[in-house]
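Accompanying notes for the structure given below.
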Amino acid sequence: MIGQARQTYTKEQMLKSPGVMEAPRNQWYIGAMANEVSKKLLARRILDDPIVFYRTADGTAVALANRCPHRGVPLSMGEVLGDSLRCAYHGFEFGKAGVCTRVPSQDTIVPQLVVRSYPLREVGPYIWIWMGDPAHPDESLFPNQFELGLDRPGYKVTPYFVMEMGCNAQLLHENLLDTSHISFLHAGMIDGGSMAQAKFKSSYDGGRVRMTRELVEVPTVAMARTFQLPRGTAPVHRTLITDAIPPHLSVIINIFHYEDNPDAKHTLINPQGVTPSGHNRCFNFMAVSSSYPDEQPAESYPFIWKLFEQDRVVLEAVQARYDSEGWDQPEVSVRADAAALNYRRKMVEMIEKERASLLGPKLQSARV
Amino acid sequence: MIGQARQTYTKEQMLKSPGVMEAPRNQWYIGAMANEVSKKLLARRILDDPIVFYRTADGTAVALANRCPHRGVPLSMGEVLGDSLRCAYHGFEFGKAGVCTRVPSQDTIVPQLVVRSYPLREVGPYIWIWMGDPAHPDESLFPNQFELGLDRPGYKVTPYFVMEMGCNAQLLHENLLDTSHISFLHAGMIDGGSMAQAKFKSSYDGGRVRMTRELVEVPTVAMARTFQLPRGTAPVHRTLITDAIPPHLSVIINIFHYEDNPDAKHTLINPQGVTPSGHNRCFNFMAVSSSYPDEQPAESYPFIWKLFEQDRVVLEAVQARYDSEGWDQPEVSVRADAAALNYRRKMVEMIEKERASLLGPKLQSARV
Amino acid sequence: MIGQARQTYTKEQMLKSPGVMEAPRNQWYIGAMANEVSKKLLARRILDDPIVFYRTADGTAVALANRCPHRGVPLSMGEVLGDSLRCAYHGFEFGKAGVCTRVPSQDTIVPQLVVRSYPLREVGPYIWIWMGDPAHPDESLFPNQFELGLDRPGYKVTPYFVMEMGCNAQLLHENLLDTSHISFLHAGMIDGGSMAQAKFKSSYDGGRVRMTRELVEVPTVAMARTFQLPRGTAPVHRTLITDAIPPHLSVIINIFHYEDNPDAKHTLINPQGVTPSGHNRCFNFMAVSSSYPDEQPAESYPFIWKLFEQDRVVLEAVQARYDSEGWDQPEVSVRADAAALNYRRKMVEMIEKERASLLGPKLQSARV
């Protein structure tokens with residue numbers, strides 16, 4: 001239906017329904033895996049903005065609004081020419097700052113021929129994009145890489161994948177905070193079956209919500225392989241932490257140690273960028289950082305992909321109900337949901353704060 | 001679009017348009033063929049309620065609301081454990097009455113953790129479901145099995161199939177009452193070509209609408225095979241009756257006899273459950289009951305399926321027009337449509353009566 | 001969603017957005033290629049009217065509303081019987097004037113059983129359809145065939161194809177007027193790369209908008225083959241004209257001549273019917289008329305098809321943005337867009353004039 005305004009949800013609706021959570025714009029989000037962006041154009045919708053990514057001749061990553069200001073053709077249908085992007089339709093060219101540098105049919109170029117250029121920062125496996133005012137990216141908000149498990153001395157980082165999911169990003173955030181589902185949805189894959197019963201506590205440390213579970217069990221074969229643990233019958237102490245960092249990140253930390261060998265401590269960290277694409281679509285940008293010196297086993301990539309496919313199927317089914325039946329589907333929460341609900345409140349606070357600011361609405365509507 | 005209320009149609013709109021007929025809730029509908037329900041979960045939407053069917057250890061059929069009250073996952077993604085159903089996501093378990101019996105991450109269970117359980121009755125080929133107040137299924141409304149051609153001494157019942165159709169149930173009801181289409185849409189299949197011209201009368205017997213056509217013709221080969229008639233050139237007297245029982249059933253009765261052999265009378269009855277799934281989706285639950293002692297011929301199942309496929313294609317095309325062009329598409333009726341129009345009035349009466357009752361609106365909105 | 005009124009756009013909205021242009025009804029449009037219509041039924045939606053085309057026994061083309069007035073089945077599901085069309089469902093028959101001639105279940109026929117019959121005119125490769133009041137087709141509005149490049153002494157006409165495009169007809173009109181895109185979207189196919197820089201002028205001649213580009217270049221191999229030019233290194237003078245005739249036609253004229261051989265002039269004319277199907281769907285009915293005596297080369301048909309596929313992909317991407325983001329997407333125009341914008345104004349003038357007339361609204365809502 002043409003011409004309809006996008007729906008906006010109230011604080012109360014977002015608190016009640018993870019299917020309709022919105023997203024603050026004045027933030028850095030992971031926009032792409034570094035290895036996805038090249039001289040070939042990559043089209044991606046982030047926070048409902050159509051964006052095109054590419055690299056210039058010297059390898060610098062660029063993100064522009066994916067819409068030619070002339071006649072509206074997605075720029076991702078065009079091609080990269082040196083540092084510029086050329087539109088497929090009439091050959092207009094745009095530099096990395098989004099300014100038009102060539103109109104083939106005439107010599108002059110009006111200043112309105114410009115597309116929004118999104119500030120980027122490339123660090124390690126990820127390309128971060130600033131979705132707020134392009135003139136004022138806030139470096140103080142750039143995530144601490146150490147906390148993400150990146151930039152840690154002695155740790156080995158492996159980029160995994162980006163998985164697109166047909167659900168609101170909030171559903172994925174809550175899924176990652178709620179580790180009791182591991183024993184059921186992922187039965188036999190990454191625990192021995194007792195994670196759901198493990199002792200847990202949730203805490204709030206600065207802006208983040210932390211969920212911690214602790215347990216001791218003999219690793220299964222699949223679990224030992226995934227986490228590079230020695231196979232055998234020795235029980236391992238495991239601490240599983242989710243740090244949910246609103247509005248855009250989730251860090252899963254697995255710490256293993258053995259009673260009889262305190263030195264054999266092993267930590268695996270999964271930093272995950274949870275980036276909204278649209279109302280019912282998001283991305284999970286996934287990597288692993290390991291304190292263990294060896295390479296990740298070859299089968300770990302497809303194994304982790306399969307694991308998140310299980311989440312994706314369930315989360316999409318939940319979102320489909322919100323989309324077909326209405327945002328106000330009832331929920332009944334249990335104690336293990338405290339962390340997820342707290343994260344939901346933090347998100348709504350952030351969104352409300354941005355809405356109340358003078359910049360908020362202006363940026364929300366700012367489209368090139 | 002999230003959050004939109006479901007549209008409700010007025011009496012006048014429903015009288016004018018079979019594409020927007022609603023459905024009374026305080027009724028028994030056929031919810032499944034008995035042979036469809038097993039230890040494996042069956043998901044089905046009935047009167048817009050998402051429902052999951054399964055059988056307990058002792059074979060009892062169960063129907064629960066297909067949505068975990070915890071985080072909204074369809075329970076049909078889970079599995080049956082003895083008499084209970086376990087949710088795929090966090091392993092919550094629900095008994096056949098819909099009460100939660102296990103939350104793996106804690107020992108206590110709040111009473112809100114319950115899903116609606118639908119009263120069922122299994123008789124012969126069908127499992128009937130009560131869509132009204134679960135605490136008060138009305139046994140007096142349970143359909144008379146004899147009238148459906150079931151439970152008749154000497155008759156042999158064969159379950160056929162369930163066919164899902166992308167149209168309002170009312171379109172299928174009117175199709176079944178309107179037997180003149182047999183000579184055209186099903187040309188060469190179940191009449192000799194003269195059904196459309198046969199003498200007909202429609203009558204109203206209690207709550208039901210009856211359409212009767214009578215004719216004498218030499219059966220074609222296909223017709224003889226379908227109805228287990230002797231092949232040859234002897235003309236057969238045929239009475240074709242449709243009993244439409246609002247809001248949920250249609251019974252097709254074929255009675256054949258021969259002038260020179262009054263004893264060789266043969267009756268075939270097709271009880272059909274016409275169950276709304278959604279606004280533009282319904283099910284036809286199909287069986288046959290025959291006074292003839294032999295088994296139905298092996299080819300009868302695919303033959304009847306093919307026949308209803310012809311109906312499905314046409315009815316879906318009609319519904320698609322209502323859906324794309326609006327409910328108020330004009331109709332011009334002829335005399336043979338009197339039965340269908342009368343049935344439409346009976347349906348609207350029933351719906352209006354339920355809407356006017358104190359229970360109606362409350363049950364309409366009752367969702368677990 | 002059932003029952004919603006079709007949206008209507010204001011003058012200002014249509015001027016700003018080619019994605020929401022409407023269409024005048026009191027006009028002749030090309031409805032079909034002559035070679036598409038036969039004894040088999042052809043269903044096609046034109047100006048949002050569902051229409052069925054066929055030929056009678058003597059070969060006369062007929063167009064009827066594609067909806068049986070009895071129960072709404074698309075008549076295109078039925079079959080042609082002599083001069084009549086029989087509905088698939090109940091066998092009702094309709095003659096070429098749309099009047100019902102048979103109701104199998106009864107002897108009398110009520111006069112309401114009639115479908116709208118659309119006046120047609122078949123000339124050369126095209127069948128034209130009058131979308132206004134069926135009782136008053138305006139012959140004075142019938143397009144001049146000579147101006148379309150048809151009916152020219154010594155010219156050879158070859159029908160090409162109909163291509164359906166998922167965009168508003170206005171986007172295709174503007175594409176055809178805007179020949180600078182040839183050097184980019186169709187790079188290497190029909191120019192030597194300098195069309196976008198060629199001198200151009202736009203003019204308004206009577207009701208039509210004309211865009212003219214002139215250039216001299218050595219034809220590429222593909223270009224020489226397409227336009228039947230001698231291969232070699234002699235530069236050719238080329239005049240490329242688009243005549244856009246609101247609301248329904250676009251004529252592309254290519255005139256080639258050689259400095260040293262003024263007699264070797266060659267003209268190729270492509271008359272194109274641009275017919276709206278729906279809001280975001282249109283047809284391009286394509287033929288070629290050549291002053292050159294030889295047959296079009298065999299490869300010209302797939303080559304021109306491929307060319308328009310390139311346009312289709314881009315125009316559908318632009319329309320998709322209007323449909324998903326709203327009608328008011330910004331545009332920044334350059335000088336070469338003057339012709340397209342002038343055509344847009346002519347279209348809106350025509351639509352406004354029809355809306356203001358007494359006939360307009362009545363015909364807009366006239367549905368059988």
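Residue numbering restarts at 1 for every chain of the structure tokens, chains are lettered A, B, ... in their displayed order, and ligands are numbered from 1 as they appear.
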
Neighbours of range 271-285 of chain A within 6 Å (only C-alpha atoms; same-chain residues fewer than 5 positions away dropped), as a PDB file with N, CA and C atoms, in the first residue's frame?
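Result saved to part36.pdb:
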```pdb
ATOM      1  N   ILE A  30      26.805  -3.036  14.131  1.00  0.00           N
ATOM      2  CA  ILE A  30      27.590  -3.779  13.138  1.00  0.00           C
ATOM      3  C   ILE A  30      26.762  -3.818  11.858  1.00  0.00           C
ATOM      4  N   ARG A  45      19.599  -3.627   4.212  1.00  0.00           N
ATOM      5  CA  ARG A  45      18.684  -2.696   4.885  1.00  0.00           C
ATOM      6  C   ARG A  45      19.000  -2.714   6.368  1.00  0.00           C
ATOM      7  N   ILE A  46      19.328  -1.559   6.935  1.00  0.00           N
ATOM      8  CA  ILE A  46      19.662  -1.453   8.355  1.00  0.00           C
ATOM      9  C   ILE A  46      18.792  -0.373   8.972  1.00  0.00           C
ATOM     10  N   LEU A  47      18.130  -0.699  10.085  1.00  0.00           N
ATOM     11  CA  LEU A  47      17.180   0.225  10.709  1.00  0.00           C
ATOM     12  C   LEU A  47      16.235   0.813   9.662  1.00  0.00           C
ATOM     13  N   ASP A  48      15.810  -0.033   8.744  1.00  0.00           N
ATOM     14  CA  ASP A  48      14.890   0.335   7.666  1.00  0.00           C
ATOM     15  C   ASP A  48      15.491   1.261   6.623  1.00  0.00           C
ATOM     16  N   LEU A 148      34.080  -7.018  24.095  1.00  0.00           N
ATOM     17  CA  LEU A 148      33.476  -7.896  23.088  1.00  0.00           C
ATOM     18  C   LEU A 148      34.295  -9.165  22.869  1.00  0.00           C
ATOM     19  N   VAL A 162      27.134 -14.014   8.972  1.00  0.00           N
ATOM     20  CA  VAL A 162      25.963 -13.203   9.285  1.00  0.00           C
ATOM     21  C   VAL A 162      24.742 -14.047   8.961  1.00  0.00           C
ATOM     22  N   MET A 163      23.810 -14.109   9.902  1.00  0.00           N
ATOM     23  CA  MET A 163      22.549 -14.817   9.647  1.00  0.00           C
ATOM     24  C   MET A 163      21.406 -13.806   9.717  1.00  0.00           C
ATOM     25  N   GLU A 164      20.597 -13.796   8.670  1.00  0.00           N
ATOM     26  CA  GLU A 164      19.431 -12.914   8.648  1.00  0.00           C
ATOM     27  C   GLU A 164      18.256 -13.680   9.235  1.00  0.00           C
ATOM     28  N   MET A 165      17.499 -13.040  10.128  1.00  0.00           N
ATOM     29  CA  MET A 165      16.370 -13.707  10.767  1.00  0.00           C
ATOM     30  C   MET A 165      15.102 -12.876  10.565  1.00  0.00           C
ATOM     31  N   GLY A 166      14.010 -13.550  10.317  1.00  0.00           N
ATOM     32  CA  GLY A 166      12.733 -12.862  10.078  1.00  0.00           C
ATOM     33  C   GLY A 166      12.013 -12.529  11.371  1.00  0.00           C
ATOM     34  N   CYS A 167      12.695 -11.853  12.276  1.00  0.00           N
ATOM     35  CA  CYS A 167      12.062 -11.462  13.545  1.00  0.00           C
ATOM     36  C   CYS A 167      12.642 -10.133  14.006  1.00  0.00           C
ATOM     37  N   ASN A 168      11.934  -9.493  14.901  1.00  0.00           N
ATOM     38  CA  ASN A 168      12.432  -8.279  15.529  1.00  0.00           C
ATOM     39  C   ASN A 168      13.728  -8.593  16.273  1.00  0.00           C
ATOM     40  N   ALA A 169      14.690  -7.678  16.231  1.00  0.00           N
ATOM     41  CA  ALA A 169      15.982  -7.890  16.889  1.00  0.00           C
ATOM     42  C   ALA A 169      15.811  -8.184  18.381  1.00  0.00           C
ATOM     43  N   HIS A 248      22.560  -3.134  20.798  1.00  0.00           N
ATOM     44  CA  HIS A 248      23.099  -3.684  19.561  1.00  0.00           C
ATOM     45  C   HIS A 248      24.001  -4.908  19.696  1.00  0.00           C
ATOM     46  N   LEU A 249      24.329  -5.300  20.920  1.00  0.00           N
ATOM     47  CA  LEU A 249      25.333  -6.350  21.044  1.00  0.00           C
ATOM     48  C   LEU A 249      24.956  -7.395  22.077  1.00  0.00           C
ATOM     49  N   SER A 250      25.458  -8.576  21.851  1.00  0.00           N
ATOM     50  CA  SER A 250      25.308  -9.644  22.818  1.00  0.00           C
ATOM     51  C   SER A 250      26.632 -10.408  22.828  1.00  0.00           C
ATOM     52  N   VAL A 251      27.148 -10.632  23.998  1.00  0.00           N
ATOM     53  CA  VAL A 251      28.424 -11.329  24.102  1.00  0.00           C
ATOM     54  C   VAL A 251      28.207 -12.582  24.946  1.00  0.00           C
TER      55      VAL A 251
END
```

- [ ] Could you list, as a ChimeraX atom specification, the residues of chain B having an atom within 6 Å of chain C when counting only C-alpha atoms?
- [x] /B:181,184-185,196-197,318,323,326-327,331-333

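Between CA of Met286 in chain B and CA of Gly19 in chain B lies a distance of 22.1 Å.
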
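One finds CA of Ile252 in chain C at 18.4 Å from CA of Pro153 in chain C.
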
Task: range 299-313 of chain A environment, 8 Å, only C-alpha atoms, sequence neighbours closer than 2 positions dropped, as a PyMOL selection string - done: chain A and resi 160-161+165-166+175+185-186+189+226+296-297+315-317
